[in-house]
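One file, run-v8.txt, is given below (compact mmCIF, N, CA and C atoms).
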# COMPACT_ATOMS: atom_id res chain seq x y z
N GLN Q 1496 65.05 157.05 100.59
CA GLN Q 1496 64.98 156.35 101.89
C GLN Q 1496 66.30 155.67 102.19
N VAL Q 1497 66.60 155.59 103.46
CA VAL Q 1497 67.77 154.86 103.93
C VAL Q 1497 67.30 153.76 104.88
N GLN Q 1498 67.70 152.55 104.61
CA GLN Q 1498 67.40 151.45 105.53
C GLN Q 1498 68.66 151.16 106.34
N LEU Q 1499 68.48 150.99 107.63
CA LEU Q 1499 69.60 150.74 108.53
C LEU Q 1499 69.38 149.45 109.31
N VAL Q 1500 70.43 148.67 109.44
CA VAL Q 1500 70.35 147.42 110.19
C VAL Q 1500 71.55 147.36 111.13
N GLU Q 1501 71.27 147.21 112.42
CA GLU Q 1501 72.33 147.09 113.42
C GLU Q 1501 72.66 145.62 113.65
N SER Q 1502 73.90 145.38 114.03
CA SER Q 1502 74.33 144.03 114.39
C SER Q 1502 75.45 144.13 115.41
N GLY Q 1503 75.74 143.01 116.07
CA GLY Q 1503 76.88 142.95 116.96
C GLY Q 1503 76.56 143.00 118.44
N GLY Q 1504 75.29 143.15 118.80
CA GLY Q 1504 74.95 143.17 120.21
C GLY Q 1504 75.11 141.80 120.84
N GLY Q 1505 74.99 141.77 122.17
CA GLY Q 1505 75.10 140.49 122.87
C GLY Q 1505 75.30 140.69 124.35
N LEU Q 1506 75.68 139.60 125.01
CA LEU Q 1506 75.93 139.60 126.45
C LEU Q 1506 77.43 139.57 126.69
N VAL Q 1507 77.91 140.46 127.54
CA VAL Q 1507 79.34 140.54 127.82
C VAL Q 1507 79.53 140.89 129.29
N GLN Q 1508 80.62 140.47 129.86
CA GLN Q 1508 80.93 140.81 131.24
C GLN Q 1508 81.49 142.23 131.33
N ALA Q 1509 81.33 142.83 132.49
CA ALA Q 1509 81.87 144.16 132.71
C ALA Q 1509 83.38 144.16 132.43
N GLY Q 1510 83.81 145.20 131.74
CA GLY Q 1510 85.20 145.30 131.34
C GLY Q 1510 85.46 144.77 129.95
N GLY Q 1511 84.49 144.08 129.39
CA GLY Q 1511 84.65 143.49 128.07
C GLY Q 1511 84.36 144.47 126.95
N SER Q 1512 84.36 143.96 125.72
CA SER Q 1512 84.19 144.79 124.53
C SER Q 1512 83.15 144.19 123.60
N LEU Q 1513 82.52 145.07 122.84
CA LEU Q 1513 81.63 144.66 121.76
C LEU Q 1513 81.82 145.64 120.60
N ARG Q 1514 81.56 145.13 119.41
CA ARG Q 1514 81.66 145.95 118.21
C ARG Q 1514 80.31 145.93 117.51
N LEU Q 1515 79.65 147.08 117.49
CA LEU Q 1515 78.37 147.20 116.82
C LEU Q 1515 78.58 147.73 115.41
N ALA Q 1516 77.79 147.25 114.48
CA ALA Q 1516 77.85 147.73 113.11
C ALA Q 1516 76.47 148.19 112.67
N CYS Q 1517 76.46 149.23 111.85
CA CYS Q 1517 75.23 149.77 111.29
C CYS Q 1517 75.39 149.74 109.78
N ALA Q 1518 74.64 148.88 109.12
CA ALA Q 1518 74.73 148.74 107.67
C ALA Q 1518 73.61 149.51 107.01
N GLY Q 1519 73.97 150.35 106.06
CA GLY Q 1519 72.98 151.16 105.36
C GLY Q 1519 72.72 150.64 103.96
N SER Q 1520 71.49 150.85 103.51
CA SER Q 1520 71.12 150.51 102.13
C SER Q 1520 70.07 151.53 101.67
N GLY Q 1521 69.82 151.54 100.39
CA GLY Q 1521 68.88 152.52 99.85
C GLY Q 1521 69.63 153.66 99.22
N ARG Q 1522 69.33 154.91 99.62
CA ARG Q 1522 69.96 156.07 99.02
C ARG Q 1522 71.34 156.35 99.64
N THR Q 1523 72.16 155.33 99.70
CA THR Q 1523 73.45 155.47 100.36
C THR Q 1523 74.44 156.29 99.57
N SER Q 1524 74.15 156.60 98.29
CA SER Q 1524 75.05 157.45 97.52
C SER Q 1524 74.92 158.91 97.93
N SER Q 1525 73.83 159.26 98.62
CA SER Q 1525 73.65 160.61 99.12
C SER Q 1525 74.20 160.69 100.53
N PRO Q 1526 74.78 161.83 100.91
CA PRO Q 1526 75.42 161.93 102.21
C PRO Q 1526 74.44 162.00 103.37
N TYR Q 1527 74.86 161.49 104.51
CA TYR Q 1527 74.09 161.61 105.75
C TYR Q 1527 75.02 161.37 106.93
N SER Q 1528 74.72 162.05 108.00
CA SER Q 1528 75.42 161.79 109.26
C SER Q 1528 74.74 160.62 109.96
N VAL Q 1529 75.48 159.97 110.84
CA VAL Q 1529 74.94 158.82 111.58
C VAL Q 1529 75.13 159.02 113.06
N GLY Q 1530 74.11 158.72 113.79
CA GLY Q 1530 74.19 158.76 115.25
C GLY Q 1530 73.87 157.41 115.83
N TRP Q 1531 74.53 157.09 116.93
CA TRP Q 1531 74.17 155.92 117.74
C TRP Q 1531 73.47 156.43 118.99
N PHE Q 1532 72.36 155.79 119.30
CA PHE Q 1532 71.59 156.11 120.50
C PHE Q 1532 71.36 154.81 121.27
N ARG Q 1533 70.97 154.95 122.53
CA ARG Q 1533 70.63 153.77 123.30
C ARG Q 1533 69.44 154.07 124.20
N GLN Q 1534 68.73 153.02 124.53
CA GLN Q 1534 67.55 153.17 125.39
C GLN Q 1534 67.47 151.99 126.34
N ALA Q 1535 67.55 152.30 127.62
CA ALA Q 1535 67.39 151.28 128.66
C ALA Q 1535 65.92 151.25 129.08
N PRO Q 1536 65.47 150.13 129.63
CA PRO Q 1536 64.06 150.03 130.06
C PRO Q 1536 63.67 151.14 131.02
N GLY Q 1537 62.56 151.81 130.74
CA GLY Q 1537 62.07 152.87 131.61
C GLY Q 1537 62.78 154.19 131.45
N LYS Q 1538 63.72 154.27 130.51
CA LYS Q 1538 64.47 155.51 130.32
C LYS Q 1538 64.27 156.05 128.91
N GLU Q 1539 64.58 157.33 128.74
CA GLU Q 1539 64.48 157.93 127.43
C GLU Q 1539 65.66 157.51 126.55
N ARG Q 1540 65.43 157.58 125.24
CA ARG Q 1540 66.52 157.28 124.33
C ARG Q 1540 67.56 158.40 124.42
N GLU Q 1541 68.83 158.00 124.51
CA GLU Q 1541 69.89 158.99 124.69
C GLU Q 1541 70.97 158.84 123.63
N PHE Q 1542 71.58 159.97 123.31
CA PHE Q 1542 72.66 160.02 122.34
C PHE Q 1542 73.90 159.35 122.92
N VAL Q 1543 74.60 158.59 122.07
CA VAL Q 1543 75.84 157.93 122.48
C VAL Q 1543 77.03 158.48 121.70
N ALA Q 1544 76.93 158.44 120.39
CA ALA Q 1544 78.04 158.91 119.54
C ALA Q 1544 77.49 159.23 118.16
N GLY Q 1545 78.19 160.10 117.44
CA GLY Q 1545 77.76 160.44 116.09
C GLY Q 1545 78.93 160.81 115.22
N ILE Q 1546 78.75 160.68 113.91
CA ILE Q 1546 79.82 160.94 112.97
C ILE Q 1546 79.22 161.55 111.71
N SER Q 1547 79.88 162.58 111.18
CA SER Q 1547 79.40 163.23 109.98
C SER Q 1547 79.80 162.42 108.75
N TRP Q 1548 79.31 162.86 107.59
CA TRP Q 1548 79.48 162.08 106.38
C TRP Q 1548 80.94 161.81 106.04
N ARG Q 1549 81.77 162.85 106.11
CA ARG Q 1549 83.18 162.67 105.77
C ARG Q 1549 84.05 162.44 107.01
N SER Q 1550 83.39 162.16 108.13
CA SER Q 1550 84.09 161.89 109.39
C SER Q 1550 84.84 163.11 109.92
N GLU Q 1551 84.48 164.30 109.44
CA GLU Q 1551 85.19 165.49 109.90
C GLU Q 1551 84.69 165.95 111.27
N ASN Q 1552 83.52 165.50 111.64
CA ASN Q 1552 83.00 165.83 112.97
C ASN Q 1552 82.55 164.54 113.65
N ILE Q 1553 83.06 164.34 114.86
CA ILE Q 1553 82.71 163.18 115.68
C ILE Q 1553 82.40 163.69 117.08
N HIS Q 1554 81.34 163.14 117.65
CA HIS Q 1554 80.94 163.61 118.98
C HIS Q 1554 80.53 162.41 119.83
N TYR Q 1555 80.91 162.43 121.08
CA TYR Q 1555 80.56 161.37 122.04
C TYR Q 1555 79.84 161.97 123.24
N SER Q 1556 78.98 161.20 123.84
CA SER Q 1556 78.41 161.63 125.11
C SER Q 1556 79.49 161.50 126.18
N SER Q 1557 79.35 162.25 127.24
CA SER Q 1557 80.36 162.24 128.30
C SER Q 1557 80.45 160.87 128.96
N SER Q 1558 79.37 160.12 128.95
CA SER Q 1558 79.35 158.83 129.63
C SER Q 1558 80.15 157.75 128.89
N VAL Q 1559 80.42 157.95 127.60
CA VAL Q 1559 81.14 156.93 126.84
C VAL Q 1559 82.47 157.41 126.28
N LYS Q 1560 82.73 158.72 126.39
CA LYS Q 1560 83.97 159.27 125.83
C LYS Q 1560 85.18 158.60 126.46
N GLY Q 1561 86.10 158.19 125.61
CA GLY Q 1561 87.28 157.50 126.08
C GLY Q 1561 87.14 155.99 126.11
N ARG Q 1562 85.91 155.50 126.00
CA ARG Q 1562 85.68 154.05 125.99
C ARG Q 1562 85.12 153.58 124.64
N PHE Q 1563 84.32 154.40 123.99
CA PHE Q 1563 83.71 154.03 122.72
C PHE Q 1563 84.39 154.80 121.58
N THR Q 1564 84.44 154.16 120.42
CA THR Q 1564 84.99 154.80 119.22
C THR Q 1564 84.05 154.55 118.05
N ILE Q 1565 83.69 155.63 117.36
CA ILE Q 1565 82.82 155.52 116.20
C ILE Q 1565 83.65 155.76 114.95
N SER Q 1566 83.36 155.01 113.90
CA SER Q 1566 84.04 155.19 112.62
C SER Q 1566 83.08 154.80 111.50
N ARG Q 1567 83.39 155.26 110.29
CA ARG Q 1567 82.52 154.90 109.18
C ARG Q 1567 83.34 154.55 107.95
N HIS Q 1568 82.74 153.71 107.14
CA HIS Q 1568 83.39 153.23 105.91
C HIS Q 1568 82.36 153.38 104.81
N ASN Q 1569 82.36 154.56 104.18
CA ASN Q 1569 81.30 154.89 103.23
C ASN Q 1569 81.27 153.95 102.03
N ALA Q 1570 82.42 153.48 101.62
CA ALA Q 1570 82.46 152.56 100.48
C ALA Q 1570 81.70 151.28 100.78
N GLU Q 1571 81.61 150.94 102.07
CA GLU Q 1571 80.90 149.74 102.49
C GLU Q 1571 79.56 150.07 103.13
N ASN Q 1572 79.20 151.36 103.17
CA ASN Q 1572 77.94 151.79 103.77
C ASN Q 1572 77.80 151.30 105.21
N THR Q 1573 78.87 151.39 105.96
CA THR Q 1573 78.87 150.85 107.32
C THR Q 1573 79.42 151.87 108.31
N VAL Q 1574 78.80 151.93 109.47
CA VAL Q 1574 79.29 152.73 110.59
C VAL Q 1574 79.49 151.77 111.76
N VAL Q 1575 80.65 151.86 112.37
CA VAL Q 1575 81.01 150.93 113.45
C VAL Q 1575 81.11 151.68 114.77
N LEU Q 1576 80.60 151.06 115.83
CA LEU Q 1576 80.77 151.59 117.19
C LEU Q 1576 81.54 150.54 117.98
N GLN Q 1577 82.79 150.83 118.24
CA GLN Q 1577 83.63 149.94 119.06
C GLN Q 1577 83.46 150.33 120.52
N MET Q 1578 83.02 149.39 121.33
CA MET Q 1578 82.73 149.68 122.73
C MET Q 1578 83.68 148.87 123.61
N ASN Q 1579 84.52 149.56 124.36
CA ASN Q 1579 85.48 148.93 125.26
C ASN Q 1579 85.17 149.29 126.70
N SER Q 1580 85.75 148.55 127.61
CA SER Q 1580 85.57 148.81 129.06
C SER Q 1580 84.10 148.96 129.41
N LEU Q 1581 83.31 148.03 128.95
CA LEU Q 1581 81.86 148.13 129.15
C LEU Q 1581 81.48 148.01 130.62
N LYS Q 1582 80.42 148.72 130.97
CA LYS Q 1582 79.92 148.76 132.33
C LYS Q 1582 78.45 148.28 132.34
N PRO Q 1583 77.96 147.82 133.47
CA PRO Q 1583 76.55 147.43 133.53
C PRO Q 1583 75.61 148.57 133.12
N ASP Q 1584 76.00 149.81 133.38
CA ASP Q 1584 75.17 150.96 132.99
C ASP Q 1584 75.06 151.12 131.49
N ASP Q 1585 75.91 150.44 130.73
CA ASP Q 1585 75.83 150.51 129.27
C ASP Q 1585 74.75 149.57 128.72
N THR Q 1586 74.14 148.78 129.57
CA THR Q 1586 73.10 147.87 129.14
C THR Q 1586 71.90 148.63 128.58
N ALA Q 1587 71.54 148.32 127.34
CA ALA Q 1587 70.46 149.03 126.65
C ALA Q 1587 70.28 148.43 125.26
N ALA Q 1588 69.20 148.84 124.62
CA ALA Q 1588 69.06 148.59 123.19
C ALA Q 1588 69.75 149.74 122.46
N TYR Q 1589 70.58 149.39 121.50
CA TYR Q 1589 71.35 150.39 120.77
C TYR Q 1589 70.78 150.54 119.36
N TYR Q 1590 70.61 151.79 118.94
CA TYR Q 1590 70.03 152.11 117.64
C TYR Q 1590 70.97 153.02 116.86
N CYS Q 1591 71.06 152.79 115.56
CA CYS Q 1591 71.73 153.77 114.71
C CYS Q 1591 70.67 154.52 113.91
N ALA Q 1592 71.01 155.74 113.55
CA ALA Q 1592 70.05 156.60 112.86
C ALA Q 1592 70.78 157.47 111.85
N ALA Q 1593 70.08 157.84 110.79
CA ALA Q 1593 70.65 158.66 109.73
C ALA Q 1593 70.00 160.03 109.70
N ASP Q 1594 70.83 161.06 109.60
CA ASP Q 1594 70.38 162.45 109.48
C ASP Q 1594 70.75 162.91 108.08
N ILE Q 1595 69.76 163.05 107.21
CA ILE Q 1595 70.05 163.39 105.82
C ILE Q 1595 70.13 164.90 105.59
N LEU Q 1596 69.77 165.68 106.61
CA LEU Q 1596 69.79 167.14 106.45
C LEU Q 1596 71.13 167.72 106.87
N ARG Q 1597 71.63 167.29 108.01
CA ARG Q 1597 72.90 167.80 108.55
C ARG Q 1597 73.99 166.77 108.26
N THR Q 1598 74.71 166.96 107.16
CA THR Q 1598 75.69 165.96 106.76
C THR Q 1598 77.10 166.27 107.24
N ALA Q 1599 77.36 167.52 107.62
CA ALA Q 1599 78.70 167.91 108.05
C ALA Q 1599 78.80 168.12 109.55
N VAL Q 1600 77.70 167.99 110.25
CA VAL Q 1600 77.71 168.14 111.69
C VAL Q 1600 77.00 166.95 112.32
N VAL Q 1601 77.12 166.85 113.63
CA VAL Q 1601 76.48 165.77 114.36
C VAL Q 1601 75.45 166.35 115.32
N SER Q 1602 74.24 165.90 115.21
CA SER Q 1602 73.20 166.31 116.14
C SER Q 1602 73.06 165.27 117.24
N THR Q 1603 72.78 165.74 118.46
CA THR Q 1603 72.62 164.82 119.59
C THR Q 1603 71.16 164.58 119.94
N THR Q 1604 70.25 165.15 119.16
CA THR Q 1604 68.83 165.03 119.47
C THR Q 1604 68.15 164.02 118.56
N THR Q 1605 67.24 163.24 119.12
CA THR Q 1605 66.59 162.18 118.35
C THR Q 1605 65.78 162.74 117.19
N TRP Q 1606 65.16 163.91 117.38
CA TRP Q 1606 64.27 164.43 116.34
C TRP Q 1606 65.01 164.94 115.10
N SER Q 1607 66.33 165.02 115.17
CA SER Q 1607 67.11 165.42 114.00
C SER Q 1607 67.27 164.29 113.00
N TYR Q 1608 67.02 163.10 113.41
CA TYR Q 1608 67.31 161.93 112.59
C TYR Q 1608 66.06 161.42 111.88
N ASP Q 1609 66.27 161.08 110.62
CA ASP Q 1609 65.14 160.77 109.75
C ASP Q 1609 64.86 159.28 109.64
N TYR Q 1610 65.88 158.47 109.75
CA TYR Q 1610 65.73 157.02 109.59
C TYR Q 1610 66.42 156.31 110.74
N TRP Q 1611 65.78 155.22 111.19
CA TRP Q 1611 66.28 154.47 112.33
C TRP Q 1611 66.32 152.98 112.02
N GLY Q 1612 67.29 152.32 112.64
CA GLY Q 1612 67.33 150.87 112.58
C GLY Q 1612 66.43 150.26 113.65
N GLN Q 1613 66.36 148.94 113.66
CA GLN Q 1613 65.49 148.23 114.61
C GLN Q 1613 66.14 148.06 115.98
N GLY Q 1614 67.42 148.24 116.06
CA GLY Q 1614 68.11 148.15 117.34
C GLY Q 1614 68.75 146.80 117.58
N THR Q 1615 69.76 146.80 118.42
CA THR Q 1615 70.43 145.58 118.85
C THR Q 1615 70.67 145.68 120.35
N GLN Q 1616 70.43 144.58 121.06
CA GLN Q 1616 70.52 144.59 122.51
C GLN Q 1616 71.94 144.36 122.99
N VAL Q 1617 72.36 145.20 123.93
CA VAL Q 1617 73.66 145.04 124.59
C VAL Q 1617 73.38 144.86 126.08
N THR Q 1618 73.89 143.76 126.63
CA THR Q 1618 73.72 143.48 128.05
C THR Q 1618 75.08 143.26 128.68
N VAL Q 1619 75.38 144.03 129.70
CA VAL Q 1619 76.68 143.94 130.38
C VAL Q 1619 76.42 143.44 131.80
N SER Q 1620 76.98 142.30 132.11
CA SER Q 1620 76.79 141.71 133.44
C SER Q 1620 77.91 142.15 134.38
N SER Q 1621 77.57 142.25 135.66
CA SER Q 1621 78.57 142.70 136.65
C SER Q 1621 79.34 141.54 137.24

Target format structure tokens, applied to this file:
Amino acid sequence: QVQLVESGGGLVQAGGSLRLACAGSGRTSSPYSVGWFRQAPGKEREFVAGISWRSENIHYSSSVKGRFTISRHNAENTVVLQMNSLKPDDTAAYYCAADILRTAVVSTTTWSYDYWGQGTQVTVSS
């Protein structure tokens, strides 16, 4: 099992930045890819960014490409999502998830991921 805990959410003005972290525990010695997803009220959960185990594959959704950066530090069991130039449309609960099957690629679908964190709220005011 992999336990994931997100942190770093909060309230920020449009144009500002936030840094989200996803801390893993449990079977962290085994490889897994990590995806960040978000869900706004009344909307489906959507893919934001993902990174493979050795960081050889990174993928962003078109809505965040160029503004968000994902990175991972396996020695610290942490995956970071740096979010810059935030917009009100980025307001959502953000979740990180672990895919233990596909470790060298990034999946954009929620059903590919086996373990999820509880989420952290990001609110961007206009």

| Could you list as a ChimeraX atom specification every residue that has an atom within 7 Å of (70.0, 148.7, 123.6), using the file's coordinates and counting only N, CA and C atoms? | /Q:1532-1535,1586-1590,1614-1618

Requested write-out: N, CA and C atoms of the selected residues, as an mmCIF file, in the coordinates of the input:
data_model
loop_
_atom_site.group_PDB
_atom_site.id
_atom_site.type_symbol
_atom_site.label_atom_id
_atom_site.label_comp_id
_atom_site.auth_asym_id
_atom_site.auth_seq_id
_atom_site.Cartn_x
_atom_site.Cartn_y
_atom_site.Cartn_z
ATOM 1 N N PHE Q 1532 72.360 155.790 119.300
ATOM 2 C CA PHE Q 1532 71.590 156.110 120.500
ATOM 3 C C PHE Q 1532 71.360 154.810 121.270
ATOM 4 N N ARG Q 1533 70.970 154.950 122.530
ATOM 5 C CA ARG Q 1533 70.630 153.770 123.300
ATOM 6 C C ARG Q 1533 69.440 154.070 124.200
ATOM 7 N N GLN Q 1534 68.730 153.020 124.530
ATOM 8 C CA GLN Q 1534 67.550 153.170 125.390
ATOM 9 C C GLN Q 1534 67.470 151.990 126.340
ATOM 10 N N ALA Q 1535 67.550 152.300 127.620
ATOM 11 C CA ALA Q 1535 67.390 151.280 128.660
ATOM 12 C C ALA Q 1535 65.920 151.250 129.080
ATOM 13 N N THR Q 1586 74.140 148.780 129.570
ATOM 14 C CA THR Q 1586 73.100 147.870 129.140
ATOM 15 C C THR Q 1586 71.900 148.630 128.580
ATOM 16 N N ALA Q 1587 71.540 148.320 127.340
ATOM 17 C CA ALA Q 1587 70.460 149.030 126.650
ATOM 18 C C ALA Q 1587 70.280 148.430 125.260
ATOM 19 N N ALA Q 1588 69.200 148.840 124.620
ATOM 20 C CA ALA Q 1588 69.060 148.590 123.190
ATOM 21 C C ALA Q 1588 69.750 149.740 122.460
ATOM 22 N N TYR Q 1589 70.580 149.390 121.500
ATOM 23 C CA TYR Q 1589 71.350 150.390 120.770
ATOM 24 C C TYR Q 1589 70.780 150.540 119.360
ATOM 25 N N TYR Q 1590 70.610 151.790 118.940
ATOM 26 C CA TYR Q 1590 70.030 152.110 117.640
ATOM 27 C C TYR Q 1590 70.970 153.020 116.860
ATOM 28 N N GLY Q 1614 67.420 148.240 116.060
ATOM 29 C CA GLY Q 1614 68.110 148.150 117.340
ATOM 30 C C GLY Q 1614 68.750 146.800 117.580
ATOM 31 N N THR Q 1615 69.760 146.800 118.420
ATOM 32 C CA THR Q 1615 70.430 145.580 118.850
ATOM 33 C C THR Q 1615 70.670 145.680 120.350
ATOM 34 N N GLN Q 1616 70.430 144.580 121.060
ATOM 35 C CA GLN Q 1616 70.520 144.590 122.510
ATOM 36 C C GLN Q 1616 71.940 144.360 122.990
ATOM 37 N N VAL Q 1617 72.360 145.200 123.930
ATOM 38 C CA VAL Q 1617 73.660 145.040 124.590
ATOM 39 C C VAL Q 1617 73.380 144.860 126.080
ATOM 40 N N THR Q 1618 73.890 143.760 126.630
ATOM 41 C CA THR Q 1618 73.720 143.480 128.050
ATOM 42 C C THR Q 1618 75.080 143.260 128.680
#

| said: Among chain Q, which ones does DSSP assign to helix (DSSP H, G or I) (computed from the backbone)? Answer as a PyMOL selection string. | reply: chain Q and resi 1569-1571+1583-1585+1605-1607

| task | State, in Å with one decimal place, the distance from CA of Leu1581 (chain Q) to atom N of Ser1620 (chain Q). | result | 8.2 Å

| task | Compare Q:Leu1596, Q:Leu1506, Q:Leu1499, Q:Met1578 by their minimum atom-to-atom distance to Ile1565 (chain Q), counting all atoms listed in the file, and give me the closest one. | result | Q:Met1578

| Counting all atoms listed in the file, which of Q:Val1497, Q:Val1619, Q:Ala1544, Q:Ala1599 gets nearest to Lys1582 (chain Q)? | Q:Val1619

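Here the question is which of Q:Thr1564, Q:Asn1552, Q:Asn1569, Q:Ser1557 gets nearest to Ser1520 (chain Q) using only C-alpha atoms, and that residue is Q:Asn1569.
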
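The space separating CA of Glu1501 (chain Q) from CA of Ala1516 (chain Q) comes to 5.6 Å.
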
| query | Hey, which of Q:Cys1591, Q:Ile1546, Q:Val1574, Q:Leu1513 ends up closest to Tyr1527 (chain Q)? Count only N, CA and C atoms. | reply | Q:Ile1546

| request: Do a neighbour search on Asp1609 (chain Q) at 7 Å with all atoms listed in the file, toss out local chain neighbours closer than 5 positions, and write the hits as a ChimeraX atom specification. | output: /Q:1592-1595

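Closest approach to Thr1598 (chain Q) among Q:Val1500, Q:Ala1518, Q:Val1529, Q:Val1507: Q:Val1529, based on only C-alpha atoms.
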
| request: List the neighbours of Ser1550 (chain Q) out to 8 Å using only C-alpha atoms; skip same-chain residues closer than 3 positions along the sequence, and give me the result as a ChimeraX atom specification. | output: /Q:1546-1547,1553,1566-1567

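Taking atom C of Asp1585 (chain Q) and atom C of Phe1542 (chain Q) as endpoints, the distance between them is 11.4 Å.
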
| task | Report as a PyMOL selection string: the residues of region 1504-1575 of chain Q with a DSSP assignment of strand (DSSP E), based on the backbone of this structure. | result | chain Q and resi 1505-1508+1513-1521+1528-1534+1541-1546+1553-1555+1563-1568+1573-1575
